[in-house]
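Here is the file work03.txt (compact mmCIF, C-alpha atoms and all ligand atoms).
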# COMPACT_ATOMS: atom_id res chain seq x y z
CA MET M 1 2.50 4.37 -24.73
CA ARG M 2 3.44 1.66 -22.28
CA ASP M 3 6.61 2.48 -20.36
CA ARG M 4 8.69 -0.70 -20.54
CA ALA M 5 10.98 0.51 -17.77
CA TRP M 6 7.97 0.56 -15.42
CA HIS M 7 5.79 -2.30 -16.62
CA PRO M 8 6.92 -5.93 -16.87
CA PRO M 9 7.57 -7.39 -20.31
CA ALA M 10 5.03 -9.94 -21.56
CA LEU M 11 7.61 -12.71 -21.88
CA THR M 12 9.33 -13.46 -18.55
CA PRO M 13 10.52 -17.11 -18.56
CA LEU M 14 11.17 -17.23 -14.79
CA TYR M 15 7.37 -16.91 -14.56
CA LYS M 16 6.83 -20.10 -16.51
CA THR M 17 3.30 -19.67 -17.84
CA SER M 18 4.23 -16.30 -19.36
CA VAL M 19 6.04 -18.28 -22.09
CA ALA M 20 2.78 -19.74 -23.41
CA ARG M 21 0.68 -16.67 -22.62
CA SER M 22 2.83 -13.98 -24.17
CA PRO M 23 2.02 -13.03 -27.76
CA GLN M 24 4.25 -14.45 -30.46
CA ARG M 25 3.03 -12.00 -33.09
CA ALA M 26 2.31 -8.29 -33.14
CA PRO M 27 -1.07 -7.56 -31.52
CA LEU M 28 -3.97 -6.42 -33.69
CA SER M 29 -6.31 -3.74 -32.46
CA PHE M 30 -10.05 -3.85 -33.00
CA ALA M 31 -12.55 -1.03 -32.66
CA THR M 32 -14.86 -1.57 -29.70
CA THR M 33 -18.54 -2.16 -30.31
CA ILE M 34 -21.37 -0.11 -28.85
CA SER M 35 -22.40 -2.87 -26.48
CA GLU M 36 -18.84 -3.12 -25.15
CA GLU M 37 -18.80 0.58 -24.43
CA THR M 38 -22.26 0.99 -22.98
CA SER M 39 -23.11 -2.18 -21.04
CA PRO M 40 -23.39 -3.39 -18.41
CA VAL M 41 -23.54 -0.52 -15.95
CA PHE M 42 -23.44 -1.65 -12.36
CA GLY M 43 -25.67 -0.20 -9.71
CA ASN M 44 -25.60 -0.57 -5.95
CA ASP M 45 -28.71 -2.71 -6.15
CA VAL M 46 -26.67 -5.64 -7.51
CA LEU M 47 -24.90 -6.08 -4.18
CA GLY M 48 -26.09 -8.29 -1.35
CA PRO M 49 -25.63 -7.21 2.27
CA LEU M 50 -22.71 -9.59 2.87
CA ASP M 51 -21.00 -9.23 -0.51
CA ASN M 52 -18.18 -7.16 1.02
CA ASP M 53 -17.80 -9.39 4.09
CA LEU M 54 -15.75 -12.47 3.21
CA ILE M 55 -15.65 -13.49 6.86
CA HIS M 56 -19.39 -14.17 6.74
CA ASN M 57 -20.60 -14.32 3.13
CA PHE M 58 -19.96 -18.07 2.81
CA ALA M 59 -20.24 -19.01 6.49
CA LYS M 60 -22.97 -20.97 8.20
CA ASP M 61 -25.25 -19.02 10.51
CA GLY M 62 -23.37 -17.89 13.58
CA ALA M 63 -19.99 -18.97 12.18
CA GLY M 64 -17.16 -17.08 10.52
CA ALA M 65 -13.99 -17.71 8.54
CA ILE M 66 -10.83 -18.76 10.38
CA GLY M 67 -7.81 -16.47 10.17
CA PRO M 68 -6.43 -13.03 10.97
CA ARG M 69 -9.34 -10.63 10.59
CA ILE M 70 -8.66 -7.57 8.46
CA VAL M 71 -10.38 -4.62 6.83
CA VAL M 72 -9.12 -3.69 3.37
CA TYR M 73 -10.09 -0.24 2.21
CA GLY M 74 -8.95 2.52 -0.08
CA ARG M 75 -9.82 4.87 -2.84
CA VAL M 76 -10.04 4.51 -6.61
CA VAL M 77 -8.74 7.64 -8.33
CA ASP M 78 -7.75 8.74 -11.83
CA GLU M 79 -4.45 10.27 -12.90
CA ALA M 80 -5.48 13.67 -11.52
CA ASN M 81 -6.37 12.17 -8.12
CA ARG M 82 -10.07 12.64 -8.84
CA PRO M 83 -12.30 9.98 -7.23
CA VAL M 84 -13.82 7.30 -9.45
CA PRO M 85 -17.34 6.55 -8.12
CA ASN M 86 -19.62 3.57 -8.86
CA THR M 87 -16.80 1.25 -9.79
CA LEU M 88 -17.40 -2.44 -9.14
CA ILE M 89 -14.48 -4.05 -7.29
CA GLU M 90 -14.41 -7.84 -7.16
CA VAL M 91 -11.89 -9.71 -5.00
CA TRP M 92 -10.85 -13.34 -4.71
CA GLN M 93 -8.27 -14.99 -2.51
CA ALA M 94 -6.98 -18.13 -0.80
CA ASN M 95 -8.04 -18.87 2.77
CA ALA M 96 -5.85 -18.25 5.81
CA GLY M 97 -3.99 -21.51 5.12
CA GLY M 98 -3.23 -20.52 1.54
CA ARG M 99 -5.80 -22.76 -0.14
CA TYR M 100 -8.36 -21.75 -2.78
CA ARG M 101 -11.86 -23.14 -3.01
CA HIS M 102 -11.39 -24.37 -6.58
CA LYS M 103 -11.70 -27.80 -8.16
CA LYS M 104 -8.19 -27.59 -9.63
CA GLU M 105 -6.59 -26.51 -6.35
CA GLY M 106 -3.90 -28.99 -5.33
CA TYR M 107 -2.34 -27.54 -2.18
CA LEU M 108 -2.58 -29.77 0.91
CA ALA M 109 -3.68 -26.97 3.26
CA PRO M 110 -7.30 -27.63 4.35
CA LEU M 111 -10.39 -25.85 3.12
CA ASP M 112 -12.18 -23.68 5.66
CA PRO M 113 -15.85 -24.75 5.53
CA ASN M 114 -16.87 -21.18 6.40
CA PHE M 115 -14.77 -19.37 3.82
CA GLY M 116 -15.64 -19.02 0.13
CA GLY M 117 -12.91 -16.62 -0.94
CA CYS M 118 -14.67 -14.02 -3.05
CA GLY M 119 -16.55 -10.79 -2.54
CA ARG M 120 -17.35 -7.45 -4.13
CA CYS M 121 -18.15 -3.84 -3.40
CA ILE M 122 -18.81 -0.60 -5.27
CA THR M 123 -16.94 2.66 -4.73
CA ASP M 124 -18.99 5.47 -3.20
CA GLU M 125 -19.35 9.00 -4.60
CA ASN M 126 -15.85 9.87 -3.34
CA GLY M 127 -14.21 6.76 -4.75
CA TRP M 128 -13.93 4.88 -1.43
CA TYR M 129 -14.38 1.13 -1.10
CA GLU M 130 -14.07 -1.28 1.83
CA PHE M 131 -14.37 -4.97 2.50
CA ARG M 132 -13.67 -7.33 5.38
CA THR M 133 -11.89 -10.63 5.12
CA VAL M 134 -9.23 -12.85 6.68
CA GLN M 135 -5.63 -12.38 5.65
CA PRO M 136 -4.81 -15.09 3.08
CA GLY M 137 -1.85 -17.41 3.57
CA PRO M 138 1.07 -17.82 1.18
CA TYR M 139 0.99 -20.92 -1.02
CA PRO M 140 3.40 -22.96 -3.14
CA TRP M 141 2.84 -23.25 -6.88
CA PRO M 142 4.36 -25.39 -9.62
CA ASN M 143 6.65 -22.91 -11.34
CA GLY M 144 10.25 -23.58 -10.28
CA PRO M 145 11.25 -26.34 -7.82
CA ASN M 146 10.23 -24.30 -4.74
CA ASP M 147 8.25 -21.18 -5.64
CA TRP M 148 5.72 -19.57 -3.30
CA ARG M 149 3.22 -16.81 -3.78
CA PRO M 150 3.22 -14.12 -1.11
CA ALA M 151 -0.07 -13.54 0.68
CA HIS M 152 -2.20 -11.68 -1.87
CA ILE M 153 -5.73 -10.71 -2.85
CA HIS M 154 -6.75 -10.61 -6.51
CA PHE M 155 -8.63 -7.49 -7.60
CA SER M 156 -10.86 -6.78 -10.59
CA ILE M 157 -12.00 -3.22 -11.18
CA PHE M 158 -14.88 -2.56 -13.56
CA GLY M 159 -15.56 0.83 -15.04
CA HIS M 160 -18.90 1.76 -16.56
CA ALA M 161 -18.77 -0.88 -19.28
CA PHE M 162 -17.76 -4.49 -19.64
CA ALA M 163 -14.73 -3.59 -21.76
CA GLN M 164 -13.35 -1.43 -18.94
CA ARG M 165 -11.91 -4.07 -16.69
CA LEU M 166 -8.55 -3.98 -14.92
CA ILE M 167 -7.03 -6.82 -12.90
CA SER M 168 -4.30 -6.65 -10.30
CA GLN M 169 -3.09 -8.11 -7.00
CA LEU M 170 -2.71 -6.65 -3.53
CA TYR M 171 0.22 -7.65 -1.31
CA PHE M 172 0.76 -6.89 2.38
CA GLU M 173 3.28 -4.46 3.81
CA GLY M 174 6.24 -6.15 5.44
CA ASP M 175 5.78 -9.58 3.84
CA PRO M 176 9.26 -10.94 2.97
CA MET M 177 7.70 -13.38 0.47
CA ILE M 178 6.89 -10.48 -1.89
CA TRP M 179 10.56 -10.27 -2.82
CA GLN M 180 10.84 -14.03 -3.45
CA CYS M 181 7.93 -14.28 -5.91
CA PRO M 182 8.67 -14.92 -9.62
CA ILE M 183 5.48 -13.12 -10.66
CA VAL M 184 6.31 -10.04 -8.61
CA GLY M 185 9.86 -10.40 -9.94
CA THR M 186 8.68 -9.64 -13.48
CA ILE M 187 8.04 -6.04 -12.39
CA PRO M 188 11.21 -4.07 -13.16
CA THR M 189 11.47 -1.70 -10.18
CA PRO M 190 10.77 -1.72 -6.41
CA GLU M 191 8.83 1.53 -6.86
CA ALA M 192 6.37 -0.16 -9.22
CA ILE M 193 6.04 -3.14 -6.87
CA GLU M 194 5.25 -0.78 -3.99
CA THR M 195 2.11 0.35 -5.86
CA LEU M 196 0.77 -3.15 -5.18
CA VAL M 197 1.60 -3.26 -1.45
CA ALA M 198 -1.24 -2.39 0.94
CA LYS M 199 -0.10 -0.45 3.98
CA LEU M 200 -0.99 -1.35 7.55
CA ASP M 201 -3.21 1.45 8.86
CA MET M 202 -3.53 1.28 12.63
CA GLY M 203 -5.78 4.35 12.57
CA ALA M 204 -8.45 2.39 10.71
CA THR M 205 -8.29 -0.80 12.74
CA ILE M 206 -11.35 -1.96 14.64
CA PRO M 207 -10.17 -2.48 18.25
CA MET M 208 -10.42 -6.08 19.48
CA ASP M 209 -11.70 -7.10 16.03
CA ALA M 210 -9.65 -6.44 12.89
CA ARG M 211 -6.49 -4.76 11.65
CA ALA M 212 -6.79 -2.51 8.59
CA TYR M 213 -4.83 -2.29 5.35
CA ARG M 214 -5.15 0.60 2.95
CA PHE M 215 -4.85 0.01 -0.79
CA ASP M 216 -5.44 2.89 -3.17
CA ILE M 217 -5.96 2.16 -6.86
CA VAL M 218 -4.77 4.66 -9.46
CA LEU M 219 -6.20 4.03 -12.91
CA ARG M 220 -3.73 5.96 -15.08
CA GLY M 221 -0.73 8.24 -15.07
CA LYS M 222 2.62 8.19 -13.31
CA ARG M 223 1.17 6.85 -10.05
CA GLN M 224 -0.86 4.17 -11.80
CA THR M 225 -1.39 0.82 -10.09
CA LEU M 226 0.08 -2.02 -12.15
CA PHE M 227 -2.62 -4.05 -13.88
CA GLU M 228 -2.06 -7.55 -15.22
CA ASN M 229 -4.32 -7.29 -18.20
CA ARG M 230 -3.84 -3.68 -19.30
CA MET M 231 -0.52 -2.25 -18.32
CA GLU M 232 -1.53 1.18 -19.60
CA GLY M 233 -4.65 1.34 -17.43
CA LEU M 234 -8.14 2.33 -18.52
FE FE P 1 -3.64 -16.21 -6.22
Before anything else, please render the file you have as C-alpha cells.
Ligand SMILES: [Fe+2]
Amino acid sequence: MRDRAWHPPALTPLYKTSVARSPQRAPLSFATTISEETSPVFGNDVLGPLDNDLIHNFAKDGAGAIGPRIVVYGRVVDEANRPVPNTLIEVWQANAGGRYRHKKEGYLAPLDPNFGGCGRCITDENGWYEFRTVQPGPYPWPNGPNDWRPAHIHFSIFGHAFAQRLISQLYFEGDPMIWQCPIVGTIPTPEAIETLVAKLDMGATIPMDARAYRFDIVLRGKRQTLFENRMEGL
C-alpha cells in the first residue's frame, strides 16, 4: 500500500497542473497483457557510443555543450539492496541556462547549439550507471506569479518490459531552490525529498574536467526513490 505520509497526494493545488491531472474518480485496475510483461527487452546493442555523453551527443564535431561539466553516476538497487542490472535509464534536462530544446519552450534563456538535452545508459551487471552532462540551470515556469524549478534532471528507468517504467527527478545537493519549488513542496517530508538529491562526490570527480554527483535509485521498500508515475515503485 502507498504510504500517504511519505508520498505526495495526487491533488496538490499549489502545483497547479495537479488539479487537472489528479483523478476525480476511484482508479480502476486492469490485468496486464503478455506483451506488456514480456516486451521490449533492452540490450546494450541499442546504445550508441555517445548516448551517455550529453556534452557531445548533440554537438558539432570538435565542439561541446556550454556549462559546468559533471558526471552523474550511481546504482540501481531493489529493496534488499541487490543490484538491478540491464535497466535502461533515460535522462532529459534543460541546458546550462535553464532552457529546454522543445518547440513549446518559452523561457528567454538562449538555446545552446551544441546541447540536445537527452541521453541514456544501461546499468551494468552490478547495477551501476553513469553519464556525463552539463549541470542544468534553474528556470521559471507559469505556476504561481514567480515560481522557479530548481536545477534538475528528469529520469526514466525501464525494467525488463515496457510496463515497468518509473519516472523521477534528480536535484543537486546544496541548491537552495529545491526548498522553494511547488513540485518538490508536494512531497510531505524532508527525508523523502532527500532521496531525490544527488550528492557531490569529490572522490569521483575527474580532475581539471568534471565534478561528480552520485544518485542511487531504490526501486522499492523503505528507502525507495520517489517516482512521479508510480509512487509504490515497480
Ligand atoms: Fe524539467
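Counting only C-alpha atoms and all ligand atoms, the residue from M:Val71, M:Ala161, M:Val184, M:Ile122 that sits nearest to ligand FE 1 (chain P) is M:Val184.
Every protein, DNA or RNA residue with an atom at most 12 Å from Asn143 of chain M, where only C-alpha atoms count and chain neighbours fewer than 6 positions away do not, is listed here: Pro13, Leu14, Tyr15, Lys16, Thr17, Ser18, Val19, Arg149, Cys181, Pro182 and Ile183 of chain M.
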Would you output that residue set with C-alpha atoms, as a PDB file, keeping the file's coordinate frame?
ATOM      1  CA  PRO M  13      10.520 -17.110 -18.560  1.00  0.00           C
ATOM      2  CA  LEU M  14      11.170 -17.230 -14.790  1.00  0.00           C
ATOM      3  CA  TYR M  15       7.370 -16.910 -14.560  1.00  0.00           C
ATOM      4  CA  LYS M  16       6.830 -20.100 -16.510  1.00  0.00           C
ATOM      5  CA  THR M  17       3.300 -19.670 -17.840  1.00  0.00           C
ATOM      6  CA  SER M  18       4.230 -16.300 -19.360  1.00  0.00           C
ATOM      7  CA  VAL M  19       6.040 -18.280 -22.090  1.00  0.00           C
ATOM      8  CA  ARG M 149       3.220 -16.810  -3.780  1.00  0.00           C
ATOM      9  CA  CYS M 181       7.930 -14.280  -5.910  1.00  0.00           C
ATOM     10  CA  PRO M 182       8.670 -14.920  -9.620  1.00  0.00           C
ATOM     11  CA  ILE M 183       5.480 -13.120 -10.660  1.00  0.00           C
TER      12      ILE M 183
END
(message) Taking only C-alpha atoms and all ligand atoms and a cut-off of 9 Å, can you tell me which residues surround ligand FE 1 (chain P), written as a VMD selection string?
(response) chain M and resid 92 to 94 98 100 138 to 139 149 to 154 169
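Comparing the minimum interatomic distances between Asp3 of chain M and each of M:Cys121, M:Ala192, M:Val134, M:Leu54, counting all atoms listed in the file, we find that M:Ala192 sits nearest.
With only C-alpha atoms as the atoms that count, the minimum distance from Leu200 of chain M to the choices M:Gly74, M:Gly233, M:Gly137, M:Gly119 is reached by M:Gly74.
Going from atom CA of Gly127 of chain M over to atom CA of Asn57 of chain M, you cover 23.4 Å.
All protein and nucleic acid residues in the vicinity of (-7.7, 0.7, -5.2), that is within 6 Å when counting all atoms listed in the file, are Gly74, Arg75, Val76, Phe215, Asp216 and Ile217 of chain M.
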(message) List the spatial neighbours of Lys222 of chain M as a list of chain:residue names - criterion: any atom at most 10 Å away, all atoms listed in the file, same-chain residues fewer than 3 positions off excluded.
(response) M:Asp3, M:Trp6, M:Glu79, M:Ala80, M:Val218, M:Leu219, M:Thr225
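Residue nearest Phe42 of chain M within the list M:Ile55, M:Leu28, M:Val77, M:Ile89: M:Ile89 [criterion: smallest interatomic distance, only C-alpha atoms].
Going from atom CA of Arg69 of chain M over to atom CA of Pro136 of chain M, you cover 9.8 Å.
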